[in-house]
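Asks: Enclosed is the structure file coords38.pdb (PDB, C-alpha atoms).
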```
ATOM      1  CA  MET A 187     -38.743  18.921  34.262  1.00  0.00           C
ATOM      2  CA  ALA A 188     -36.095  21.629  34.162  1.00  0.00           C
ATOM      3  CA  THR A 189     -34.566  22.650  30.865  1.00  0.00           C
ATOM      4  CA  THR A 190     -30.849  22.431  30.210  1.00  0.00           C
ATOM      5  CA  LEU A 191     -30.570  26.212  30.497  1.00  0.00           C
ATOM      6  CA  GLU A 192     -32.357  26.204  33.875  1.00  0.00           C
ATOM      7  CA  ASN A 193     -30.045  23.412  35.070  1.00  0.00           C
ATOM      8  CA  ILE A 194     -27.010  25.450  34.026  1.00  0.00           C
ATOM      9  CA  GLN A 195     -28.273  28.563  35.834  1.00  0.00           C
ATOM     10  CA  THR A 196     -28.909  26.508  38.983  1.00  0.00           C
ATOM     11  CA  ASP A 197     -25.459  24.923  38.737  1.00  0.00           C
ATOM     12  CA  ILE A 198     -23.854  28.362  38.331  1.00  0.00           C
ATOM     13  CA  LYS A 199     -25.454  29.458  41.613  1.00  0.00           C
ATOM     14  CA  THR A 200     -24.390  26.221  43.298  1.00  0.00           C
ATOM     15  CA  ALA A 201     -20.813  26.596  42.038  1.00  0.00           C
ATOM     16  CA  MET A 202     -20.740  30.195  43.316  1.00  0.00           C
ATOM     17  CA  LYS A 203     -21.885  29.168  46.776  1.00  0.00           C
ATOM     18  CA  ALA A 204     -19.462  26.225  46.882  1.00  0.00           C
ATOM     19  CA  LYS A 205     -16.624  28.438  45.544  1.00  0.00           C
ATOM     20  CA  GLU A 206     -15.912  25.979  42.713  1.00  0.00           C
ATOM     21  CA  LYS A 207     -13.903  28.404  40.599  1.00  0.00           C
ATOM     22  CA  GLU A 208     -13.163  26.131  37.594  1.00  0.00           C
ATOM     23  CA  ARG A 209     -16.739  24.887  37.322  1.00  0.00           C
ATOM     24  CA  LEU A 210     -18.147  28.390  37.711  1.00  0.00           C
ATOM     25  CA  LEU A 211     -15.912  29.832  34.977  1.00  0.00           C
ATOM     26  CA  THR A 212     -16.752  26.979  32.596  1.00  0.00           C
ATOM     27  CA  LEU A 213     -20.508  27.302  33.149  1.00  0.00           C
ATOM     28  CA  ARG A 214     -20.389  31.077  32.761  1.00  0.00           C
ATOM     29  CA  MET A 215     -18.473  30.740  29.482  1.00  0.00           C
ATOM     30  CA  PHE A 216     -21.042  28.234  28.261  1.00  0.00           C
ATOM     31  CA  SER A 217     -23.927  30.460  29.323  1.00  0.00           C
ATOM     32  CA  ALA A 218     -22.324  33.364  27.444  1.00  0.00           C
ATOM     33  CA  ALA A 219     -21.909  31.158  24.351  1.00  0.00           C
ATOM     34  CA  ILE A 220     -25.637  30.351  24.468  1.00  0.00           C
ATOM     35  CA  LYS A 221     -26.511  34.050  24.762  1.00  0.00           C
ATOM     36  CA  ASN A 222     -24.196  34.852  21.829  1.00  0.00           C
ATOM     37  CA  LYS A 223     -25.923  32.190  19.737  1.00  0.00           C
ATOM     38  CA  GLN A 224     -29.326  33.662  20.656  1.00  0.00           C
ATOM     39  CA  ILE A 225     -28.132  37.086  19.531  1.00  0.00           C
ATOM     40  CA  GLU A 226     -26.704  35.626  16.339  1.00  0.00           C
ATOM     41  CA  LEU A 227     -30.001  33.898  15.558  1.00  0.00           C
ATOM     42  CA  LYS A 228     -32.002  36.932  16.722  1.00  0.00           C
ATOM     43  CA  GLU A 229     -33.995  34.851  19.197  1.00  0.00           C
ATOM     44  CA  ARG A 230     -35.792  36.920  21.776  1.00  0.00           C
ATOM     45  CA  ASP A 231     -37.050  34.066  23.902  1.00  0.00           C
ATOM     46  CA  LYS A 232     -34.988  31.478  25.709  1.00  0.00           C
ATOM     47  CA  ALA A 233     -32.772  29.363  23.512  1.00  0.00           C
ATOM     48  CA  SER A 234     -34.369  26.092  22.462  1.00  0.00           C
ATOM     49  CA  GLU A 235     -32.975  22.788  23.669  1.00  0.00           C
ATOM     50  CA  LYS A 236     -31.798  22.082  20.124  1.00  0.00           C
ATOM     51  CA  ILE A 237     -29.726  25.268  20.042  1.00  0.00           C
ATOM     52  CA  ILE A 238     -28.339  24.658  23.531  1.00  0.00           C
ATOM     53  CA  ILE A 239     -27.205  21.139  22.566  1.00  0.00           C
ATOM     54  CA  GLN A 240     -25.708  22.502  19.341  1.00  0.00           C
ATOM     55  CA  VAL A 241     -23.723  25.134  21.284  1.00  0.00           C
ATOM     56  CA  LEU A 242     -22.747  22.549  23.887  1.00  0.00           C
ATOM     57  CA  LYS A 243     -21.326  20.194  21.266  1.00  0.00           C
ATOM     58  CA  SER A 244     -19.493  23.082  19.631  1.00  0.00           C
ATOM     59  CA  GLU A 245     -17.936  24.149  22.940  1.00  0.00           C
ATOM     60  CA  ILE A 246     -16.903  20.577  23.753  1.00  0.00           C
ATOM     61  CA  LYS A 247     -15.365  20.151  20.300  1.00  0.00           C
ATOM     62  CA  LYS A 248     -13.384  23.393  20.714  1.00  0.00           C
ATOM     63  CA  ARG A 249     -12.010  22.146  24.005  1.00  0.00           C
ATOM     64  CA  LYS A 250     -11.147  18.700  22.617  1.00  0.00           C
ATOM     65  CA  ASP A 251      -9.269  20.320  19.735  1.00  0.00           C
ATOM     66  CA  ALA A 252      -7.444  22.664  22.113  1.00  0.00           C
ATOM     67  CA  ALA A 253      -6.530  19.813  24.474  1.00  0.00           C
ATOM     68  CA  GLU A 254      -5.131  17.816  21.568  1.00  0.00           C
ATOM     69  CA  ILE A 255      -3.036  20.802  20.409  1.00  0.00           C
ATOM     70  CA  TYR A 256      -1.775  21.401  23.947  1.00  0.00           C
ATOM     71  CA  ARG A 257      -0.811  17.732  24.314  1.00  0.00           C
ATOM     72  CA  ARG A 258       1.124  17.842  21.037  1.00  0.00           C
ATOM     73  CA  GLY A 259       2.853  20.987  22.294  1.00  0.00           C
ATOM     74  CA  GLU A 260       3.666  19.205  25.574  1.00  0.00           C
ATOM     75  CA  ARG A 261       1.551  21.672  27.570  1.00  0.00           C
ATOM     76  CA  VAL A 262      -0.020  19.026  29.806  1.00  0.00           C
ATOM     77  CA  GLU A 263      -1.377  21.485  32.397  1.00  0.00           C
ATOM     78  CA  LEU A 264      -3.343  23.378  29.743  1.00  0.00           C
ATOM     79  CA  ALA A 265      -4.583  20.143  28.161  1.00  0.00           C
ATOM     80  CA  GLU A 266      -5.803  18.950  31.564  1.00  0.00           C
ATOM     81  CA  LYS A 267      -7.644  22.256  32.107  1.00  0.00           C
ATOM     82  CA  GLU A 268      -9.460  21.799  28.774  1.00  0.00           C
ATOM     83  CA  GLU A 269     -10.282  18.179  29.648  1.00  0.00           C
ATOM     84  CA  THR A 270     -11.700  19.257  33.004  1.00  0.00           C
ATOM     85  CA  GLU A 271     -13.958  21.733  31.212  1.00  0.00           C
ATOM     86  CA  ILE A 272     -15.051  18.971  28.808  1.00  0.00           C
ATOM     87  CA  LYS A 273     -16.118  16.792  31.754  1.00  0.00           C
ATOM     88  CA  ILE A 274     -18.091  19.677  33.253  1.00  0.00           C
ATOM     89  CA  LEU A 275     -19.896  20.370  29.958  1.00  0.00           C
ATOM     90  CA  GLU A 276     -20.545  16.724  29.033  1.00  0.00           C
ATOM     91  CA  LYS A 277     -22.861  16.483  32.032  1.00  0.00           C
ATOM     92  CA  TYR A 278     -25.410  18.520  30.044  1.00  0.00           C
ATOM     93  CA  LEU A 279     -25.328  16.386  26.886  1.00  0.00           C
ATOM     94  CA  PRO A 280     -28.267  14.060  26.281  1.00  0.00           C
ATOM     95  CA  GLU A 281     -27.652  10.364  26.838  1.00  0.00           C
ATOM     96  CA  GLN A 282     -25.233   9.174  24.159  1.00  0.00           C
ATOM     97  CA  MET A 283     -25.835   6.002  22.154  1.00  0.00           C
ATOM     98  CA  SER A 284     -23.474   3.072  22.541  1.00  0.00           C
ATOM     99  CA  GLU A 285     -21.248   2.106  19.613  1.00  0.00           C
ATOM    100  CA  ALA A 286     -23.224  -1.148  19.284  1.00  0.00           C
ATOM    101  CA  ASP A 287     -26.501   0.773  18.892  1.00  0.00           C
ATOM    102  CA  ILE A 288     -24.917   3.132  16.375  1.00  0.00           C
ATOM    103  CA  LYS A 289     -23.568   0.174  14.416  1.00  0.00           C
ATOM    104  CA  ILE A 290     -27.046  -1.417  14.206  1.00  0.00           C
ATOM    105  CA  ILE A 291     -28.532   1.826  12.846  1.00  0.00           C
ATOM    106  CA  ILE A 292     -25.747   2.270  10.277  1.00  0.00           C
ATOM    107  CA  GLU A 293     -25.949  -1.355   9.114  1.00  0.00           C
ATOM    108  CA  LYS A 294     -29.674  -0.886   8.443  1.00  0.00           C
ATOM    109  CA  ILE A 295     -29.002   2.338   6.524  1.00  0.00           C
ATOM    110  CA  VAL A 296     -26.331   0.590   4.418  1.00  0.00           C
ATOM    111  CA  THR A 297     -28.688  -2.337   3.732  1.00  0.00           C
ATOM    112  CA  ASP A 298     -31.486   0.027   2.702  1.00  0.00           C
ATOM    113  CA  ALA A 299     -29.100   1.982   0.437  1.00  0.00           C
ATOM    114  CA  GLY A 300     -28.594  -1.053  -1.816  1.00  0.00           C
ATOM    115  CA  GLU A 301     -25.587  -1.651  -4.090  1.00  0.00           C
ATOM    116  CA  ASN A 302     -22.438   0.467  -3.745  1.00  0.00           C
ATOM    117  CA  PRO A 303     -23.549   2.914  -1.055  1.00  0.00           C
ATOM    118  CA  ASP A 304     -21.759   6.277  -1.033  1.00  0.00           C
ATOM    119  CA  PHE A 305     -19.892   7.285   2.164  1.00  0.00           C
ATOM    120  CA  GLY A 306     -21.414  10.776   2.168  1.00  0.00           C
ATOM    121  CA  GLN A 307     -24.916   9.431   1.659  1.00  0.00           C
ATOM    122  CA  ILE A 308     -24.555   6.906   4.502  1.00  0.00           C
ATOM    123  CA  MET A 309     -22.900   9.487   6.765  1.00  0.00           C
ATOM    124  CA  GLY A 310     -25.690  12.017   6.178  1.00  0.00           C
ATOM    125  CA  ALA A 311     -28.428   9.497   6.867  1.00  0.00           C
ATOM    126  CA  SER A 312     -26.571   8.170   9.937  1.00  0.00           C
ATOM    127  CA  MET A 313     -26.100  11.625  11.441  1.00  0.00           C
ATOM    128  CA  ALA A 314     -29.786  12.397  10.860  1.00  0.00           C
ATOM    129  CA  LYS A 315     -30.827   9.184  12.662  1.00  0.00           C
ATOM    130  CA  THR A 316     -28.424   9.641  15.593  1.00  0.00           C
ATOM    131  CA  LYS A 317     -28.815  13.421  15.880  1.00  0.00           C
ATOM    132  CA  GLY A 318     -27.766  14.651  19.303  1.00  0.00           C
ATOM    133  CA  GLN A 319     -27.123  11.151  20.574  1.00  0.00           C
ATOM    134  CA  ALA A 320     -23.848  10.243  18.896  1.00  0.00           C
ATOM    135  CA  ASP A 321     -20.524  11.910  18.251  1.00  0.00           C
ATOM    136  CA  GLY A 322     -19.838  12.514  14.551  1.00  0.00           C
ATOM    137  CA  ASN A 323     -16.329  11.059  14.804  1.00  0.00           C
ATOM    138  CA  VAL A 324     -17.677   7.793  16.223  1.00  0.00           C
ATOM    139  CA  VAL A 325     -20.350   7.601  13.516  1.00  0.00           C
ATOM    140  CA  SER A 326     -17.751   8.296  10.819  1.00  0.00           C
ATOM    141  CA  LYS A 327     -15.442   5.578  12.150  1.00  0.00           C
ATOM    142  CA  ILE A 328     -18.260   3.007  12.201  1.00  0.00           C
ATOM    143  CA  VAL A 329     -19.463   3.966   8.688  1.00  0.00           C
ATOM    144  CA  GLU A 330     -15.903   3.500   7.385  1.00  0.00           C
ATOM    145  CA  GLU A 331     -15.619   0.094   9.106  1.00  0.00           C
ATOM    146  CA  ILE A 332     -18.914  -1.102   7.650  1.00  0.00           C
ATOM    147  CA  LEU A 333     -18.251   0.168   4.112  1.00  0.00           C
ATOM    148  CA  ASN A 334     -14.768  -1.370   4.007  1.00  0.00           C
TER     149      ASN A 334
END
```
Could you express the structure from this file as C-alpha cells?
Replies:
Amino acid sequence: MATTLENIQTDIKTAMKAKEKERLLTLRMFSAAIKNKQIELKERDKASEKIIIQVLKSEIKKRKDAAEIYRRGERVELAEKEETEIKILEKYLPEQMSEADIKIIIEKIVTDAGENPDFGQIMGASMAKTKGQADGNVVSKIVEEILN
C-alpha cells in the first residue's frame, strides 16, 4: 500500500500531465510544507505518516482560517480559492469519524471521569482517543454539549 507521501508525489505528476494548475500548485505547496517540517524536526528519512497528517491538518486549518477572513472581508473569489485547496488536501486525510461515533466515545469518557468532569480533562482524553480521525472543533462542540 502506498504511503500518503507517495500518493501525493504520484498526484503531482498526474496533475502536471493533465495541466491541472490549481491542484498542482496546492500539492506542491503541501509537499514543500512536509519537507519544511522534516527539516525542522531534523528527519533524514521520509516523513512519517503521523507527521504528514499533522502537516496536512495544519495546512487545512490555515486555509479554513484564511477563507473565513476572506469571506468576512467580502473577498469571495479568494475564499473560494482557499476552499478549493481545502478540498484537494482533504482527500489525503484518514477517514474521519462521524459525529455519532465521536459522541459515543466522549460519553464514555465523561462516564468514566465520574462526578464533575473538567472540560480540559475530557477534551484531552477525547482528542487522544480520536487522534487523526476527528476535527478538534467538532470534538470541542460535542464535549460542550455533553457537559452542559
Asks: Quick check on the file I pasted: which residues fall under the PyMOL selection byres ((chain A and resi 236) around 12)? Write them as a ChimeraX atom specification.
Replies: /A:189-191,220,223-224,232-235,237-243,279-280,317-319
Asks: Using all atoms listed in the file for the distances, tell me which of A:Glu276, A:Glu206, A:Asp298, A:Glu269 is nearest to Ser244 (chain A).
Replies: A:Glu276
Asks: Given only C-alpha atoms as the basis, pick out the residue of A:Met313, A:Ala204, A:Ile332, A:Ile194 nearest to Ile274 (chain A).
Replies: A:Ile194
Asks: Identify the residues within 12 Å of coordinate (-15.8, -1.0, 1.3) (same frame as the file), considering all atoms listed in the file, and give the answer as a list in words.
Replies: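 Here the neighbourhood of the point contains Val296, Glu301, Asn302, Pro303, Asp304, Phe305, Ile328, Val329, Glu330, Glu331, Ile332, Leu333 and Asn334 of chain A.
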Asks: Show me the residues close to (-20.2, 32.2, 42.4) - anything with an atom within 12 Å, counting only C-alpha atoms - and format the list as a PDB file with C-alpha atoms, in the coordinates of the input.
Replies:
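Contents of part_15.pdb, freshly written:
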```
ATOM      1  CA  GLN A 195     -28.273  28.563  35.834  1.00  0.00           C
ATOM      2  CA  THR A 196     -28.909  26.508  38.983  1.00  0.00           C
ATOM      3  CA  ASP A 197     -25.459  24.923  38.737  1.00  0.00           C
ATOM      4  CA  ILE A 198     -23.854  28.362  38.331  1.00  0.00           C
ATOM      5  CA  LYS A 199     -25.454  29.458  41.613  1.00  0.00           C
ATOM      6  CA  THR A 200     -24.390  26.221  43.298  1.00  0.00           C
ATOM      7  CA  ALA A 201     -20.813  26.596  42.038  1.00  0.00           C
ATOM      8  CA  MET A 202     -20.740  30.195  43.316  1.00  0.00           C
ATOM      9  CA  LYS A 203     -21.885  29.168  46.776  1.00  0.00           C
ATOM     10  CA  ALA A 204     -19.462  26.225  46.882  1.00  0.00           C
ATOM     11  CA  LYS A 205     -16.624  28.438  45.544  1.00  0.00           C
ATOM     12  CA  GLU A 206     -15.912  25.979  42.713  1.00  0.00           C
ATOM     13  CA  LYS A 207     -13.903  28.404  40.599  1.00  0.00           C
ATOM     14  CA  GLU A 208     -13.163  26.131  37.594  1.00  0.00           C
ATOM     15  CA  ARG A 209     -16.739  24.887  37.322  1.00  0.00           C
ATOM     16  CA  LEU A 210     -18.147  28.390  37.711  1.00  0.00           C
ATOM     17  CA  LEU A 211     -15.912  29.832  34.977  1.00  0.00           C
ATOM     18  CA  THR A 212     -16.752  26.979  32.596  1.00  0.00           C
ATOM     19  CA  LEU A 213     -20.508  27.302  33.149  1.00  0.00           C
ATOM     20  CA  ARG A 214     -20.389  31.077  32.761  1.00  0.00           C
TER      21      ARG A 214
END
```
Asks: Would you compute the distance between CA of Lys250 (chain A) and CA of Ala219 (chain A)? Give it in Å to one decimal.
Replies: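 Separation between CA of Lys250 (chain A) and CA of Ala219 (chain A): 16.6 Å.
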Asks: What is the distance, in Å and to one decimal place, between CA of Ala311 (chain A) and CA of Ile295 (chain A)?
Replies: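 Calculated distance between CA of Ala311 (chain A) and CA of Ile295 (chain A) is 7.2 Å.
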Asks: Could you tell me, as a PyMOL selection string, exactly which residues end up selected when the PyMOL selection byres ((chain A and resi 325) around 12) is applied to this structure?
Replies: chain A and resi 282-293+305-306+308-324+326-332
Asks: Could you add N, CA and C atoms to region 267-280 of chain A and give me the result as a CSV table (one decimal), in the coordinates of the input?
Replies:
```csv
chain,number,residue,atom,x,y,z
A,267,LYS,N,-6.6,21.2,31.8
A,267,LYS,CA,-7.6,22.3,32.1
A,267,LYS,C,-8.8,22.1,31.1
A,268,GLU,N,-8.4,22.0,29.8
A,268,GLU,CA,-9.5,21.8,28.8
A,268,GLU,C,-10.3,20.5,29.0
A,269,GLU,N,-9.6,19.5,29.4
A,269,GLU,CA,-10.3,18.2,29.6
A,269,GLU,C,-11.2,18.3,30.9
A,270,THR,N,-10.8,19.0,31.8
A,270,THR,CA,-11.7,19.3,33.0
A,270,THR,C,-13.0,20.0,32.6
A,271,GLU,N,-12.8,21.0,31.7
A,271,GLU,CA,-14.0,21.7,31.2
A,271,GLU,C,-14.9,20.8,30.4
A,272,ILE,N,-14.3,19.9,29.6
A,272,ILE,CA,-15.1,19.0,28.8
A,272,ILE,C,-15.9,18.1,29.7
A,273,LYS,N,-15.4,17.6,30.8
A,273,LYS,CA,-16.1,16.8,31.8
A,273,LYS,C,-17.3,17.6,32.4
A,274,ILE,N,-17.0,18.8,32.7
A,274,ILE,CA,-18.1,19.7,33.3
A,274,ILE,C,-19.2,19.8,32.2
A,275,LEU,N,-18.9,20.1,31.0
A,275,LEU,CA,-19.9,20.4,30.0
A,275,LEU,C,-20.6,19.1,29.5
A,276,GLU,N,-19.9,18.0,29.5
A,276,GLU,CA,-20.5,16.7,29.0
A,276,GLU,C,-21.7,16.3,29.9
A,277,LYS,N,-21.8,16.8,31.1
A,277,LYS,CA,-22.9,16.5,32.0
A,277,LYS,C,-24.2,16.9,31.4
A,278,TYR,N,-24.2,18.0,30.6
A,278,TYR,CA,-25.4,18.5,30.0
A,278,TYR,C,-25.8,17.9,28.7
A,279,LEU,N,-25.0,17.0,28.2
A,279,LEU,CA,-25.3,16.4,26.9
A,279,LEU,C,-26.4,15.4,27.1
A,280,PRO,N,-27.3,15.1,26.1
A,280,PRO,CA,-28.3,14.1,26.3
A,280,PRO,C,-27.5,12.7,26.3
```
